[in-house]
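Report on the following structure.
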Amino acid sequence: MRTFVYIVCPGVERYSFSAYHPLRPERVTLSQELAQMLGVLHEEDIVQASPAAPELVAQVHSPRYVQVVQALSEGKHVPGYHEFGFASGDNPPFRGMFEASLAVVGASVAAAQAVMDGVEVAVNLAGGLHHARREEAAGFCIFNDPAVAIHVLKQKYRRIVYLDIDVHHGDGVQWLYYRDPQVLTISIHESGRFLFPGTGHPDEIGAGEGRGTSANIALGRYADDEIWWWAFQQVVPALFRWFQPEVVVLQMGADPHYTDPLAHVSLTTQGWLRAVQWVVEQGLPIVATGGGGYSLPAVTRMWTMALATLKGVPVPNQIPPQFALYDEVQTLRDSTPPALPERMVETSRQFTEQAVSELKQYLRPYVEWGDTFAKDGQVGS
Ligand SMILES: [Zn+2]
């Protein structure tokens, strides 16, 4: 068992674009509830966070953008507000979004602070809003809490890895640290050719002094547990060996699950969990956040399993009948993997092998790969 804190984002239910928006706050509250029912979380693990100071957020986002978010949040008219990402149906402005967003960032900052104070693992499931750009809301994300957490961690650490296992490319964090040699961003996601935000290609490797410190594993659609884990293993361990990080920020988007309505990757709960387990095995301090995940029965189980793995405690597979989603799911682990036509899996395998091979080529001049990385591999090899 590790020293572990679970950060509660006060008023998490206020981060809600509308009753019909897929980013439902119940994703977080029900995960916490299930983890408590199963004895993974206890009162003594739980810490209440305070909202982040706007001045801190304005060190990652532009001060102008922070002001725009505040004004829209108060219902004021902001000329040209559509240039800041709020005209899209993904991110409609809502009353109180400034305070709700500061609360999410505050919880990730509290997680970063806890780790800097010596806690081994700190988690904010309300966080992981990885698409927000310096001056633009995107993909349900207003303020980029992982990026602010990294900014705080830089006070203590010189080599920080941001690892993003959400099914969407972790673009906002990548672009904010694209030129920073102290922050290695790694994202494993469904290729931008098929999915929002359309980026995360193998040739995005960082720029300037940060060239070589951005890595993108772009998966084919319908990648299953085997393909996903193969690609992860091909890239992530070698990058950790090379970069020697002192701390990990882990974005745990649960939308690679095969039942997720917004994407096409086909993982099981236990297939996805392997990445969390691997990160834990590295023995580094971890700031973990939530992220995407739009099937409530999937995301609540995956985050409960992740909390147990991060904390290093066993968890029973059986879900108690009093859990709100019991009618839909009775076990944490998926008992039957998704049935995918072999031709779809084969196409995905070929696409993924090609993308991993390209990633290796692009990063070869910058990254010292071990022998395992010297030649291109195939899934299953
Ligand atoms: Zn996502």
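Lettering and numbering for the structure tokens are positional, with chains as A, B, ... in the shown order, residues counted from 1 in each chain, and ligands counted from 1 in the shown order.
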
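Based on only C-alpha atoms and all ligand atoms, the protein and nucleic acid residues found within 8 Å of ligand 1 are, by chain and then by number, Asp166, Val167, His168, His169, Gly253, Ala254, Asp255, Pro256, Gly291, Gly292 and Gly293 of chain A.
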
- Val345 in chain A: which residues within 10 Å, counting only C-alpha atoms, same-chain residues fewer than 4 positions away excluded, as a PyMOL selection string? chain A and resi 220-224+227+266+340-341+349-351

- Query: What's the 9 Å shell around Ala52 in chain A, counting only C-alpha atoms, without same-chain residues fewer than 3 positions away, as a ChimeraX atom specification?
  - Reply: /A:49,55-57,101-110

- Which is closest to Leu38 in chain A among A:Gln378, A:Gln354, A:Thr336, A:Thr331, if we use only C-alpha atoms? A:Thr331

- Task: Using DSSP on the backbone coordinates, identify the residues of range 194-303 of chain A assigned to strand (DSSP E or B); present them as a PyMOL selection string.
- Result: chain A and resi 214-219+224+247-251+257+266-267+286-289

Take the residues from that selection and put them in a file with C-alpha atoms, as a PDB file, in the first residue's frame.
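Result file follows (again_37.pdb):
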ATOM      1  CA  SER A 214       6.518  14.879 -27.347  1.00  0.00           C
ATOM      2  CA  ALA A 215       5.434  11.373 -28.376  1.00  0.00           C
ATOM      3  CA  ASN A 216       2.198  10.296 -30.023  1.00  0.00           C
ATOM      4  CA  ILE A 217       0.971   6.742 -30.384  1.00  0.00           C
ATOM      5  CA  ALA A 218      -1.817   7.018 -32.955  1.00  0.00           C
ATOM      6  CA  LEU A 219      -3.959   3.882 -32.924  1.00  0.00           C
ATOM      7  CA  ASP A 224      -8.311  -4.021 -28.964  1.00  0.00           C
ATOM      8  CA  VAL A 247       7.332  12.411 -11.337  1.00  0.00           C
ATOM      9  CA  VAL A 248       4.401  11.290 -13.511  1.00  0.00           C
ATOM     10  CA  VAL A 249       1.180  13.108 -14.303  1.00  0.00           C
ATOM     11  CA  LEU A 250      -1.210  10.402 -15.461  1.00  0.00           C
ATOM     12  CA  GLN A 251      -4.385  11.378 -17.321  1.00  0.00           C
ATOM     13  CA  HIS A 257     -13.524   1.351 -23.449  1.00  0.00           C
ATOM     14  CA  SER A 266     -12.194  -1.370 -28.073  1.00  0.00           C
ATOM     15  CA  LEU A 267     -10.562  -1.987 -24.718  1.00  0.00           C
ATOM     16  CA  ILE A 286       2.073  10.046  -9.356  1.00  0.00           C
ATOM     17  CA  VAL A 287      -0.430  12.829  -9.841  1.00  0.00           C
ATOM     18  CA  ALA A 288      -3.414  11.081 -11.432  1.00  0.00           C
ATOM     19  CA  THR A 289      -6.466  12.707 -12.952  1.00  0.00           C
TER      20      THR A 289
END

- Residue list (helix (DSSP H, G or I), DSSP) for range 141-323 of chain A, as a ChimeraX atom specification: /A:145-153,171-176,208-210,225-243,269-281,296-311

- Could you state the separation of CA of Tyr81 in chain A and CA of Pro10 in chain A in Å, given to one decimal place?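 So the two atoms, CA of Tyr81 in chain A and CA of Pro10 in chain A, lie 27.7 Å apart.
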
Can you list, as a PDB file with C-alpha atoms, in the first residue's frame, every protein, DNA or RNA residue that comes within 8 Å of Thr304 in chain A when you count only C-alpha atoms, leaving out same-chain residues fewer than 4 positions away?
ATOM      1  CA  SER A  31     -16.891   6.384  -9.144  1.00  0.00           C
ATOM      2  CA  GLN A  32     -16.138   7.725  -5.687  1.00  0.00           C
ATOM      3  CA  LEU A  34     -18.396   2.690  -5.858  1.00  0.00           C
ATOM      4  CA  ALA A  35     -14.811   2.904  -4.608  1.00  0.00           C
ATOM      5  CA  VAL A  40     -11.008   1.057  -1.817  1.00  0.00           C
ATOM      6  CA  THR A 300     -17.174   4.192 -12.865  1.00  0.00           C
ATOM      7  CA  ALA A 308      -7.362   0.377  -6.103  1.00  0.00           C
TER       8      ALA A 308
END

- Item | Distance criterion (only C-alpha atoms): nearest to Trp229 in chain A out of A:Val379, A:Ala58, A:Ala122, A:Val265 |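 Smallest separation from Trp229 in chain A among the options: A:Val379.
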
Pick out the residues sitting within 12 Å of Tyr362 in chain A, and hand them over as a PDB file with C-alpha atoms, in the first residue's frame; count only C-alpha atoms, and ignore anything fewer than 4 positions along from it in its own chain.
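And here is the file that came out, result-v1.pdb:
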ATOM      1  CA  HIS A 201       0.278  12.282 -35.317  1.00  0.00           C
ATOM      2  CA  PRO A 202       3.708  10.589 -35.155  1.00  0.00           C
ATOM      3  CA  ASP A 203       5.513  13.640 -36.558  1.00  0.00           C
ATOM      4  CA  GLU A 204       4.453  15.846 -33.606  1.00  0.00           C
ATOM      5  CA  ILE A 205       7.646  15.464 -31.569  1.00  0.00           C
ATOM      6  CA  GLY A 206       8.114  18.858 -29.903  1.00  0.00           C
ATOM      7  CA  ARG A 211      12.253  18.744 -29.750  1.00  0.00           C
ATOM      8  CA  GLY A 212      12.053  15.045 -28.930  1.00  0.00           C
ATOM      9  CA  THR A 213       9.910  15.538 -25.819  1.00  0.00           C
ATOM     10  CA  SER A 214       6.518  14.879 -27.347  1.00  0.00           C
ATOM     11  CA  ALA A 215       5.434  11.373 -28.376  1.00  0.00           C
ATOM     12  CA  ASN A 216       2.198  10.296 -30.023  1.00  0.00           C
ATOM     13  CA  ILE A 217       0.971   6.742 -30.384  1.00  0.00           C
ATOM     14  CA  ALA A 355       2.109   4.548 -36.732  1.00  0.00           C
ATOM     15  CA  VAL A 356       4.456   3.081 -34.101  1.00  0.00           C
ATOM     16  CA  SER A 357       7.125   2.563 -36.745  1.00  0.00           C
ATOM     17  CA  GLU A 358       6.785   6.196 -37.843  1.00  0.00           C
ATOM     18  CA  TYR A 366      16.535  12.717 -30.205  1.00  0.00           C
ATOM     19  CA  VAL A 367      15.783   9.742 -28.028  1.00  0.00           C
TER      20      VAL A 367
END

- Of the candidates A:Leu359, A:Leu310, A:Met302, A:Leu296, which shows the shortest atom-to-atom distance to Leu332 in chain A, using only C-alpha atoms?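 The closest residue to Leu332 in chain A is A:Met302.
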
Please identify all polymer residues within 9 Å of Gly75 in chain A, counting only C-alpha atoms, omitting same-chain residues fewer than 5 positions from it, and present them as an mmCIF file with N, CA and C atoms, in the first residue's frame.
data_model
loop_
_atom_site.group_PDB
_atom_site.id
_atom_site.type_symbol
_atom_site.label_atom_id
_atom_site.label_comp_id
_atom_site.auth_asym_id
_atom_site.auth_seq_id
_atom_site.Cartn_x
_atom_site.Cartn_y
_atom_site.Cartn_z
ATOM 1 N N GLN A 70 -14.256 34.447 -17.060
ATOM 2 C CA GLN A 70 -14.956 35.041 -15.914
ATOM 3 C C GLN A 70 -16.155 35.869 -16.371
ATOM 4 N N PRO A 93 -21.022 28.299 -23.155
ATOM 5 C CA PRO A 93 -20.770 28.977 -21.875
ATOM 6 C C PRO A 93 -21.918 28.750 -20.911
ATOM 7 N N PHE A 94 -21.618 28.592 -19.640
ATOM 8 C CA PHE A 94 -22.686 28.455 -18.650
ATOM 9 C C PHE A 94 -22.365 29.297 -17.417
ATOM 10 N N ARG A 95 -23.429 29.726 -16.745
ATOM 11 C CA ARG A 95 -23.288 30.534 -15.524
ATOM 12 C C ARG A 95 -22.499 29.757 -14.476
ATOM 13 N N GLY A 96 -21.509 30.417 -13.925
ATOM 14 C CA GLY A 96 -20.722 29.784 -12.871
ATOM 15 C C GLY A 96 -19.581 28.927 -13.395
#

- Query: Looking at A:Glu83, A:Asp90, A:Glu33, A:His61, which one is nearest to Tyr177 in chain A, with distances taken over only C-alpha atoms?
  - Reply: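 For Tyr177 in chain A, the nearest of the given residues is A:His61.
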
- Any idea what the distance is between CA of Phe4 in chain A and CA of Thr29 in chain A?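 CA of Phe4 in chain A sits 18.6 Å away from CA of Thr29 in chain A.
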
- Separation of CA of His131 in chain A from CA of Val173 in chain A, in Å and rounded to one decimal: 7.1 Å

- Query: Which residue out of A:Gln155, A:Gln182, A:Gln322, A:Ser187 has the minimum interatomic distance to Met116 in chain A when only C-alpha atoms are used?
  - Reply: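 Looking only at the distances to Met116 in chain A, the closest residue turns out to be A:Gln155.
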
- Excluding Ile142 in chain A and residues on its chain fewer than 3 positions from it, collect all residues at most 8 Å away from it, counting only C-alpha atoms, and give them as a ChimeraX atom specification. /A:91,101,129,132,136-138
